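A short worksheet on the structure shown next.
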Amino acid sequence: MKKSFGMVLAFMLSLSLVLSACGGGNSGSNAGAGTTNEGSADQGNGSASNGGEKVTLSFWTLFSGGDGDNMQAMIDAFNKEHPDIQVKNTKLEWAEYYTKLITAVGNGNGPDIGISHISRLPDLINQGVVSELDDVAEEAGVDWASFNQNILNASVVDGVHYAVPIDTHPFIMYYNKKLLKDAGLLDDEGKPKLEQSAEGFITFLTTLKEKLPPKVTPFALSNTNDDPFRLWWALYSQLGGNDVVSDDLNSAQIDTDKAVQAAQYIQDLYHKYKVIKLNDPDFYKNFQSGTAAIMMTGVWATGTWESTQGLEFGAMPIPKVFDQEATWGDSHTVILPVTKQEDPAKRKAAITFANWLADNGQVWAKAGHIPSKPSVFEKQEFKDLPYRSDYVSVASTVKFSKPSTKNWQIRDLAMFKYLNEVWANKLSPADGIAKMSDEVQKVLNE
């Protein structure tokens, strides 16, 4: 899968993608910066320097808002605990991050450490931007078994570790406790009264529509792009649908019947049952203002809802509408970019830092993310955070995409394009999926 280092710039034109943040334009949170009082990682905490000299590492990140504050707090804590390793954070704009990273690495001016979404990792590997980690991880004592294996496996390409996952940020469900209580759909433990089935979820939503005032939207969801796509991916995966590309990553391989079934279910929510408001200009604001009973989006919204005065909400995995629990998700990972001259001391220090971030995920969880190491769930600082423990199980049910170098082009140019037409009732689910399959193959052929 790897190409030579010198070919990096030759592939720059392939990055002309329509970029969108993790939250589909609603990412980030208002959660304040956190500090960690937990001990440092069990592994890799010995001196990573050569001859006792201080190692200084440049770290490029794409985080803003609560994510940016929490990451800086973690860097500050790491630097304090590791006086022989000092990490310097450079915050880049999300929309420019990947282009600048690839350009800098190609020019030999890249950082010592970077961030990659798992969905972008195959492309960075293919372009020679990301280095292999197995040798340095073994030297630093990184225990790959300590990570959630579903998340970790998505970062392993052709049997090689290329990244240290620090989270997953999946698609989950939020609900307004007051509105559900008013509709008689909240139990004594503050959880929705909801049968986990296709019929049960529709009954739940239509009951909300019947019981609540007309101005209240039963289900706040966008009509285009990210979140309805994430719901489709989740339901398609719950049905046991294949990835949209073949194992050899060369052909479209959509399980047509299951893809159509999932699309039909969602189209019916919009147009048959009318439980989702059409042309909702801001479905986030709809839920935040207390005029939507439930909504689905990524876990990054947790911090936003926490900072919203008067909003009584709960969080949970999306319902098991079909055969098995599954949802959409991505992951932030730490990478060690390729350099012209490899510095073993810096590489060991860098992976020590990456492993420490994963071990101290209780701080990173403040914005809503699920830490990549299950051991973090047992830390008191994590347990003291509300809501997170209600959805940490989702980390094991995220259905990650196969490691195609064209994941984002497939999403934007094929899946968004034709699923949006289905949601707008301009295409039948069958026609939309057929056109989507043709477009996936077109992207793969380019």
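To be explicit about the labels: the chains of the structure tokens are called A, B, and onward in the order shown, and within each one the residues are counted from 1, while ligands get numbers from 1 in the order they are shown.
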
Hey, could you make a per-residue contact list for stretch 58-91 of chain A against stretch 103-119 of chain A with 7 Å as the cut-off, showing the nearest pair of atoms and its distance in Å to one decimal, counting only C-alpha atoms, sorted by chain and number, as a Markdown table?
| residue | atom | partner | partner_atom | distance |
| --- | --- | --- | --- | --- |
| A:Ser58 | CA | A:Pro111 | CA | 5.2 |
| A:Phe59 | CA | A:Ile113 | CA | 4.7 |
| A:Trp60 | CA | A:Gly114 | CA | 5.0 |
| A:Thr61 | CA | A:Ile115 | CA | 5.8 |

Subject >> Shell around stretch 305-318 of chain A at 7 Å using only C-alpha atoms, local window under 4 positions removed, as number ranges by chain >> reply: A: 30-31, 172-178, 288, 290, 301, 387, 390-391, 394

Can you build me a table of stretch 87-206 of chain A residues sitting at most 8 Å from stretch 262-276 of chain A, with the closest atom pair per residue and its distance in Å to one decimal, using only C-alpha atoms, sorted by chain and residue number, as a tab-separated table?
residue	atom	partner	partner_atom	distance
A:Ile202	CA	A:Leu269	CA	7.9
A:Leu205	CA	A:Val275	CA	6.4
A:Thr206	CA	A:Val275	CA	6.7

Selection above as a file: N, CA, C and O atoms, as a PDB file, in the first residue's frame:
ATOM      1  N   ILE A 202     -40.269   2.991  15.507  1.00  0.00           N
ATOM      2  CA  ILE A 202     -41.304   3.786  14.843  1.00  0.00           C
ATOM      3  C   ILE A 202     -42.457   4.070  15.800  1.00  0.00           C
ATOM      4  O   ILE A 202     -42.981   5.198  15.853  1.00  0.00           O
ATOM      5  N   LEU A 205     -41.420   6.876  18.090  1.00  0.00           N
ATOM      6  CA  LEU A 205     -41.419   8.192  17.442  1.00  0.00           C
ATOM      7  C   LEU A 205     -42.837   8.684  17.144  1.00  0.00           C
ATOM      8  O   LEU A 205     -43.147   9.872  17.332  1.00  0.00           O
ATOM      9  N   THR A 206     -43.714   7.793  16.689  1.00  0.00           N
ATOM     10  CA  THR A 206     -45.080   8.225  16.385  1.00  0.00           C
ATOM     11  C   THR A 206     -45.850   8.551  17.659  1.00  0.00           C
ATOM     12  O   THR A 206     -46.729   9.422  17.650  1.00  0.00           O
TER      13      THR A 206
END

**OP:** Quick one: pull the distance between atom CA of A:Gly141 and atom CA of A:Asp384, Å, one decimal.
**Re:**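 So the answer is 29.5 Å.
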
**OP:** Could you give me the residues within stretch 141-275 of chain A that DSSP places in alpha helix (DSSP H), as a ChimeraX atom specification?
**Re:** /A:149-154,177-182,198-211,226-238,256-271

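Proximity of A:Thr56, A:Thr168, A:Ser404, A:Thr256 to A:Pro83, computed with only C-alpha atoms, is greatest for A:Thr56.
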
Original post:
In terms of the shortest atom-to-atom distance over only C-alpha atoms, which of A:Ala345, A:Ile85, A:Val160, A:Ala77 is closest to A:Lys54?
Top reply: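 Selected residue with least distance to A:Lys54: A:Ile85.
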
If you run DSSP on this backbone, which residues of stretch 55-267 of chain A come out as strand (DSSP E or B), and could you give them as a PDB file with N, CA, C and O atoms, in the first residue's frame?
ATOM      1  N   VAL A  55      14.439  15.821  24.842  1.00  0.00           N
ATOM      2  CA  VAL A  55      13.893  15.640  23.502  1.00  0.00           C
ATOM      3  C   VAL A  55      12.705  16.586  23.339  1.00  0.00           C
ATOM      4  O   VAL A  55      11.772  16.563  24.143  1.00  0.00           O
ATOM      5  N   THR A  56      12.757  17.420  22.314  1.00  0.00           N
ATOM      6  CA  THR A  56      11.661  18.339  22.019  1.00  0.00           C
ATOM      7  C   THR A  56      10.941  17.860  20.768  1.00  0.00           C
ATOM      8  O   THR A  56      11.570  17.593  19.743  1.00  0.00           O
ATOM      9  N   LEU A  57       9.621  17.737  20.868  1.00  0.00           N
ATOM     10  CA  LEU A  57       8.807  17.186  19.797  1.00  0.00           C
ATOM     11  C   LEU A  57       7.799  18.202  19.290  1.00  0.00           C
ATOM     12  O   LEU A  57       7.100  18.843  20.082  1.00  0.00           O
ATOM     13  N   SER A  58       7.711  18.343  17.981  1.00  0.00           N
ATOM     14  CA  SER A  58       6.675  19.180  17.378  1.00  0.00           C
ATOM     15  C   SER A  58       5.440  18.331  17.112  1.00  0.00           C
ATOM     16  O   SER A  58       5.534  17.218  16.587  1.00  0.00           O
ATOM     17  N   PHE A  59       4.284  18.840  17.485  1.00  0.00           N
ATOM     18  CA  PHE A  59       3.022  18.103  17.402  1.00  0.00           C
ATOM     19  C   PHE A  59       2.007  18.960  16.674  1.00  0.00           C
ATOM     20  O   PHE A  59       1.664  20.054  17.140  1.00  0.00           O
ATOM     21  N   TRP A  60       1.552  18.518  15.523  1.00  0.00           N
ATOM     22  CA  TRP A  60       0.531  19.246  14.766  1.00  0.00           C
ATOM     23  C   TRP A  60      -0.832  18.651  15.075  1.00  0.00           C
ATOM     24  O   TRP A  60      -1.044  17.438  14.978  1.00  0.00           O
ATOM     25  N   THR A  61      -1.783  19.509  15.440  1.00  0.00           N
ATOM     26  CA  THR A  61      -3.137  19.072  15.764  1.00  0.00           C
ATOM     27  C   THR A  61      -4.151  19.867  14.952  1.00  0.00           C
ATOM     28  O   THR A  61      -3.842  20.919  14.394  1.00  0.00           O
ATOM     29  N   ILE A  85      11.121  15.035  28.031  1.00  0.00           N
ATOM     30  CA  ILE A  85      10.397  15.084  26.757  1.00  0.00           C
ATOM     31  C   ILE A  85       9.461  16.293  26.806  1.00  0.00           C
ATOM     32  O   ILE A  85       8.623  16.385  27.701  1.00  0.00           O
ATOM     33  N   GLN A  86       9.596  17.183  25.867  1.00  0.00           N
ATOM     34  CA  GLN A  86       8.736  18.355  25.819  1.00  0.00           C
ATOM     35  C   GLN A  86       8.033  18.412  24.469  1.00  0.00           C
ATOM     36  O   GLN A  86       8.661  18.434  23.415  1.00  0.00           O
ATOM     37  N   VAL A  87       6.692  18.420  24.518  1.00  0.00           N
ATOM     38  CA  VAL A  87       5.860  18.433  23.319  1.00  0.00           C
ATOM     39  C   VAL A  87       5.361  19.845  23.070  1.00  0.00           C
ATOM     40  O   VAL A  87       4.818  20.487  23.972  1.00  0.00           O
ATOM     41  N   LYS A  88       5.562  20.329  21.849  1.00  0.00           N
ATOM     42  CA  LYS A  88       5.123  21.666  21.458  1.00  0.00           C
ATOM     43  C   LYS A  88       3.955  21.540  20.483  1.00  0.00           C
ATOM     44  O   LYS A  88       4.086  20.936  19.431  1.00  0.00           O
ATOM     45  N   ASN A  89       2.832  22.116  20.856  1.00  0.00           N
ATOM     46  CA  ASN A  89       1.588  21.978  20.091  1.00  0.00           C
ATOM     47  C   ASN A  89       1.429  23.107  19.076  1.00  0.00           C
ATOM     48  O   ASN A  89       1.491  24.288  19.424  1.00  0.00           O
ATOM     49  N   THR A  90       1.205  22.747  17.822  1.00  0.00           N
ATOM     50  CA  THR A  90       0.861  23.715  16.780  1.00  0.00           C
ATOM     51  C   THR A  90      -0.542  23.390  16.298  1.00  0.00           C
ATOM     52  O   THR A  90      -0.788  22.313  15.733  1.00  0.00           O
ATOM     53  N   LYS A  91      -1.480  24.315  16.519  1.00  0.00           N
ATOM     54  CA  LYS A  91      -2.865  24.096  16.129  1.00  0.00           C
ATOM     55  C   LYS A  91      -3.090  24.622  14.707  1.00  0.00           C
ATOM     56  O   LYS A  91      -2.865  25.796  14.434  1.00  0.00           O
ATOM     57  N   ILE A 113       5.113  14.531  15.372  1.00  0.00           N
ATOM     58  CA  ILE A 113       3.878  13.829  15.724  1.00  0.00           C
ATOM     59  C   ILE A 113       2.724  14.526  15.015  1.00  0.00           C
ATOM     60  O   ILE A 113       2.732  15.750  14.847  1.00  0.00           O
ATOM     61  N   GLY A 114       1.738  13.763  14.613  1.00  0.00           N
ATOM     62  CA  GLY A 114       0.557  14.341  13.987  1.00  0.00           C
ATOM     63  C   GLY A 114      -0.695  13.608  14.416  1.00  0.00           C
ATOM     64  O   GLY A 114      -0.656  12.634  15.171  1.00  0.00           O
ATOM     65  N   ILE A 115      -1.817  14.080  13.906  1.00  0.00           N
ATOM     66  CA  ILE A 115      -3.124  13.471  14.138  1.00  0.00           C
ATOM     67  C   ILE A 115      -3.678  12.993  12.805  1.00  0.00           C
ATOM     68  O   ILE A 115      -3.525  13.663  11.785  1.00  0.00           O
ATOM     69  N   SER A 116      -4.315  11.839  12.818  1.00  0.00           N
ATOM     70  CA  SER A 116      -5.054  11.378  11.643  1.00  0.00           C
ATOM     71  C   SER A 116      -6.339  10.718  12.087  1.00  0.00           C
ATOM     72  O   SER A 116      -6.351   9.958  13.050  1.00  0.00           O
ATOM     73  N   HIS A 117      -7.428  11.016  11.389  1.00  0.00           N
ATOM     74  CA  HIS A 117      -8.623  10.204  11.543  1.00  0.00           C
ATOM     75  C   HIS A 117      -8.346   8.828  10.954  1.00  0.00           C
ATOM     76  O   HIS A 117      -7.604   8.701   9.975  1.00  0.00           O
ATOM     77  N   VAL A 130       2.971   8.495   6.558  1.00  0.00           N
ATOM     78  CA  VAL A 130       2.921   7.897   7.894  1.00  0.00           C
ATOM     79  C   VAL A 130       3.929   6.756   8.000  1.00  0.00           C
ATOM     80  O   VAL A 130       4.025   5.919   7.100  1.00  0.00           O
ATOM     81  N   VAL A 156      -4.944  -0.735  11.853  1.00  0.00           N
ATOM     82  CA  VAL A 156      -3.923  -1.665  11.371  1.00  0.00           C
ATOM     83  C   VAL A 156      -4.167  -1.927   9.888  1.00  0.00           C
ATOM     84  O   VAL A 156      -5.265  -2.327   9.498  1.00  0.00           O
ATOM     85  N   VAL A 157      -3.174  -1.686   9.071  1.00  0.00           N
ATOM     86  CA  VAL A 157      -3.305  -1.852   7.626  1.00  0.00           C
ATOM     87  C   VAL A 157      -2.264  -2.853   7.150  1.00  0.00           C
ATOM     88  O   VAL A 157      -1.071  -2.700   7.430  1.00  0.00           O
ATOM     89  N   VAL A 160       0.130  -4.140   9.781  1.00  0.00           N
ATOM     90  CA  VAL A 160       1.114  -3.226  10.362  1.00  0.00           C
ATOM     91  C   VAL A 160       0.403  -2.135  11.156  1.00  0.00           C
ATOM     92  O   VAL A 160      -0.597  -1.573  10.711  1.00  0.00           O
ATOM     93  N   HIS A 161       0.936  -1.820  12.357  1.00  0.00           N
ATOM     94  CA  HIS A 161       0.411  -0.699  13.139  1.00  0.00           C
ATOM     95  C   HIS A 161       1.008   0.600  12.611  1.00  0.00           C
ATOM     96  O   HIS A 161       2.231   0.748  12.543  1.00  0.00           O
ATOM     97  N   VAL A 164      -1.609   5.227  16.801  1.00  0.00           N
ATOM     98  CA  VAL A 164      -2.043   4.947  18.171  1.00  0.00           C
ATOM     99  C   VAL A 164      -3.413   5.604  18.352  1.00  0.00           C
ATOM    100  O   VAL A 164      -3.500   6.829  18.425  1.00  0.00           O
ATOM    101  N   PRO A 165      -4.500   4.831  18.392  1.00  0.00           N
ATOM    102  CA  PRO A 165      -5.825   5.439  18.565  1.00  0.00           C
ATOM    103  C   PRO A 165      -5.968   6.048  19.959  1.00  0.00           C
ATOM    104  O   PRO A 165      -5.517   5.457  20.947  1.00  0.00           O
ATOM    105  N   ASP A 167      -9.200   7.543  20.672  1.00  0.00           N
ATOM    106  CA  ASP A 167     -10.644   7.583  20.932  1.00  0.00           C
ATOM    107  C   ASP A 167     -11.393   6.887  19.813  1.00  0.00           C
ATOM    108  O   ASP A 167     -10.826   6.474  18.800  1.00  0.00           O
ATOM    109  N   THR A 168     -12.703   6.807  19.976  1.00  0.00           N
ATOM    110  CA  THR A 168     -13.634   6.730  18.865  1.00  0.00           C
ATOM    111  C   THR A 168     -14.710   7.761  19.134  1.00  0.00           C
ATOM    112  O   THR A 168     -15.051   8.044  20.296  1.00  0.00           O
ATOM    113  N   HIS A 169     -15.189   8.371  18.071  1.00  0.00           N
ATOM    114  CA  HIS A 169     -16.292   9.332  18.216  1.00  0.00           C
ATOM    115  C   HIS A 169     -17.448   8.861  17.323  1.00  0.00           C
ATOM    116  O   HIS A 169     -17.558   9.219  16.163  1.00  0.00           O
ATOM    117  N   PRO A 170     -18.315   8.028  17.893  1.00  0.00           N
ATOM    118  CA  PRO A 170     -19.387   7.393  17.127  1.00  0.00           C
ATOM    119  C   PRO A 170     -20.693   8.198  17.133  1.00  0.00           C
ATOM    120  O   PRO A 170     -20.859   9.200  17.828  1.00  0.00           O
ATOM    121  N   PHE A 171     -21.607   7.681  16.358  1.00  0.00           N
ATOM    122  CA  PHE A 171     -22.962   8.206  16.189  1.00  0.00           C
ATOM    123  C   PHE A 171     -23.833   7.591  17.281  1.00  0.00           C
ATOM    124  O   PHE A 171     -23.941   6.372  17.398  1.00  0.00           O
ATOM    125  N   ILE A 172     -24.459   8.448  18.107  1.00  0.00           N
ATOM    126  CA  ILE A 172     -25.293   7.962  19.213  1.00  0.00           C
ATOM    127  C   ILE A 172     -26.605   8.733  19.241  1.00  0.00           C
ATOM    128  O   ILE A 172     -26.852   9.606  18.401  1.00  0.00           O
ATOM    129  N   MET A 173     -27.433   8.425  20.220  1.00  0.00           N
ATOM    130  CA  MET A 173     -28.733   9.081  20.362  1.00  0.00           C
ATOM    131  C   MET A 173     -28.790   9.907  21.647  1.00  0.00           C
ATOM    132  O   MET A 173     -28.360   9.450  22.707  1.00  0.00           O
ATOM    133  N   TYR A 174     -29.315  11.116  21.536  1.00  0.00           N
ATOM    134  CA  TYR A 174     -29.587  11.984  22.685  1.00  0.00           C
ATOM    135  C   TYR A 174     -31.099  12.138  22.818  1.00  0.00           C
ATOM    136  O   TYR A 174     -31.829  12.110  21.821  1.00  0.00           O
ATOM    137  N   TYR A 175     -31.563  12.324  24.048  1.00  0.00           N
ATOM    138  CA  TYR A 175     -32.992  12.502  24.254  1.00  0.00           C
ATOM    139  C   TYR A 175     -33.258  13.542  25.333  1.00  0.00           C
ATOM    140  O   TYR A 175     -32.479  13.718  26.270  1.00  0.00           O
ATOM    141  N   ASN A 176     -34.360  14.255  25.165  1.00  0.00           N
ATOM    142  CA  ASN A 176     -34.803  15.273  26.114  1.00  0.00           C
ATOM    143  C   ASN A 176     -35.662  14.599  27.173  1.00  0.00           C
ATOM    144  O   ASN A 176     -36.751  14.095  26.876  1.00  0.00           O
ATOM    145  N   LEU A 186     -40.623   7.886  29.467  1.00  0.00           N
ATOM    146  CA  LEU A 186     -39.414   7.874  30.285  1.00  0.00           C
ATOM    147  C   LEU A 186     -39.654   6.986  31.498  1.00  0.00           C
ATOM    148  O   LEU A 186     -40.636   7.169  32.219  1.00  0.00           O
ATOM    149  N   PRO A 192     -35.315   5.999  28.116  1.00  0.00           N
ATOM    150  CA  PRO A 192     -36.478   5.919  27.218  1.00  0.00           C
ATOM    151  C   PRO A 192     -37.158   4.557  27.288  1.00  0.00           C
ATOM    152  O   PRO A 192     -36.500   3.516  27.381  1.00  0.00           O
ATOM    153  N   THR A 217     -40.507  18.666  17.559  1.00  0.00           N
ATOM    154  CA  THR A 217     -40.079  17.675  16.569  1.00  0.00           C
ATOM    155  C   THR A 217     -39.748  16.365  17.284  1.00  0.00           C
ATOM    156  O   THR A 217     -38.939  16.365  18.211  1.00  0.00           O
ATOM    157  N   PRO A 218     -40.363  15.252  16.890  1.00  0.00           N
ATOM    158  CA  PRO A 218     -40.013  13.988  17.549  1.00  0.00           C
ATOM    159  C   PRO A 218     -38.537  13.633  17.387  1.00  0.00           C
ATOM    160  O   PRO A 218     -37.903  13.168  18.339  1.00  0.00           O
ATOM    161  N   PHE A 219     -37.986  13.847  16.190  1.00  0.00           N
ATOM    162  CA  PHE A 219     -36.639  13.384  15.877  1.00  0.00           C
ATOM    163  C   PHE A 219     -35.932  14.472  15.077  1.00  0.00           C
ATOM    164  O   PHE A 219     -36.247  14.713  13.918  1.00  0.00           O
ATOM    165  N   ALA A 220     -34.979  15.143  15.707  1.00  0.00           N
ATOM    166  CA  ALA A 220     -34.211  16.187  15.025  1.00  0.00           C
ATOM    167  C   ALA A 220     -33.048  15.540  14.273  1.00  0.00           C
ATOM    168  O   ALA A 220     -32.202  14.881  14.868  1.00  0.00           O
ATOM    169  N   VAL A 245     -17.150  -1.340  -0.513  1.00  0.00           N
ATOM    170  CA  VAL A 245     -16.078  -1.743  -1.411  1.00  0.00           C
ATOM    171  C   VAL A 245     -15.672  -3.183  -1.089  1.00  0.00           C
ATOM    172  O   VAL A 245     -15.860  -3.666   0.032  1.00  0.00           O
ATOM    173  N   ALA A 252     -16.898  -1.853  -6.294  1.00  0.00           N
ATOM    174  CA  ALA A 252     -18.073  -1.578  -5.473  1.00  0.00           C
ATOM    175  C   ALA A 252     -18.711  -2.896  -5.075  1.00  0.00           C
ATOM    176  O   ALA A 252     -18.827  -3.809  -5.889  1.00  0.00           O
TER     177      ALA A 252
END

**OP:** Do a neighbour search on A:Ala424 at 10 Å with only C-alpha atoms, toss out local chain neighbours closer than 4 positions, and write the hits as a PyMOL selection string.
**Re:** chain A and resi 223-224+267+270-271+278-279+418-420+428

Write the selection just made, keeping N, CA and C atoms, as an mmCIF file, in the first residue's frame?
data_model
loop_
_atom_site.group_PDB
_atom_site.id
_atom_site.type_symbol
_atom_site.label_atom_id
_atom_site.label_comp_id
_atom_site.auth_asym_id
_atom_site.auth_seq_id
_atom_site.Cartn_x
_atom_site.Cartn_y
_atom_site.Cartn_z
ATOM 1 N N ASN A 223 -31.385 16.913 6.934
ATOM 2 C CA ASN A 223 -31.952 16.297 5.737
ATOM 3 C C ASN A 223 -30.901 15.954 4.692
ATOM 4 N N THR A 224 -29.636 16.315 4.963
ATOM 5 C CA THR A 224 -28.591 16.079 3.973
ATOM 6 C C THR A 224 -27.279 15.679 4.649
ATOM 7 N N GLN A 267 -36.145 6.952 4.760
ATOM 8 C CA GLN A 267 -37.027 7.774 3.931
ATOM 9 C C GLN A 267 -38.432 7.809 4.522
ATOM 10 N N TYR A 270 -38.909 10.345 7.277
ATOM 11 C CA TYR A 270 -39.113 11.705 6.768
ATOM 12 C C TYR A 270 -40.510 11.890 6.178
ATOM 13 N N HIS A 271 -40.934 10.965 5.325
ATOM 14 C CA HIS A 271 -42.080 11.238 4.456
ATOM 15 C C HIS A 271 -43.339 10.433 4.783
ATOM 16 N N LEU A 278 -38.795 18.354 7.977
ATOM 17 C CA LEU A 278 -38.131 18.593 6.698
ATOM 18 C C LEU A 278 -37.613 20.023 6.628
ATOM 19 N N ASN A 279 -36.508 20.172 5.952
ATOM 20 C CA ASN A 279 -35.908 21.498 5.765
ATOM 21 C C ASN A 279 -35.633 22.200 7.089
ATOM 22 N N TYR A 418 -26.248 10.606 -3.576
ATOM 23 C CA TYR A 418 -27.492 9.916 -3.926
ATOM 24 C C TYR A 418 -28.387 9.640 -2.731
ATOM 25 N N LEU A 419 -27.822 9.467 -1.554
ATOM 26 C CA LEU A 419 -28.679 9.337 -0.372
ATOM 27 C C LEU A 419 -29.431 10.632 -0.112
ATOM 28 N N ASN A 420 -28.807 11.770 -0.361
ATOM 29 C CA ASN A 420 -29.521 13.039 -0.213
ATOM 30 C C ASN A 420 -30.762 13.093 -1.099
ATOM 31 N N SER A 428 -36.266 6.923 -5.542
ATOM 32 C CA SER A 428 -36.650 5.794 -4.701
ATOM 33 C C SER A 428 -35.396 5.203 -4.079
#

Subject >> Coordinates-based distance that separates atom CA of A:Pro228 from atom CA of A:Tyr97 (Å, one decimal) >> reply: 25.7 Å

**OP:** Excluding A:Ala354 and any residue of its chain fewer than 6 positions from it, enumerate the residues within 12 Å of it, using only C-alpha atoms, and give them as an NGL selection string.
**Re:** :A and (40-41 or 43-45 or 57 or 59 or 71 or 74-75 or 78 or 87 or 112-115 or 133 or 136-137 or 140 or 142 or 163-167 or 332-336 or 347-348 or 360-361 or 372)

Original post:
Using only C-alpha atoms, which residues sit within 8 Å of A:Phe147 once same-chain residues fewer than 2 positions away are excluded, as a PyMOL selection string?
Top reply: chain A and resi 143-145+149+151-152+372-374

**OP:** With a distance cut-off of 8 Å and only C-alpha atoms, select the neighbouring residues of A:Asp280, excluding the residue or stretch itself and same-chain residues fewer than 2 positions from it, and output the selection as a ChimeraX atom specification.
**Re:** /A:221-223,277-278,282-283

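The space between atom CA of A:Trp408 and atom CA of A:Asp123 spans 9.5 Å.
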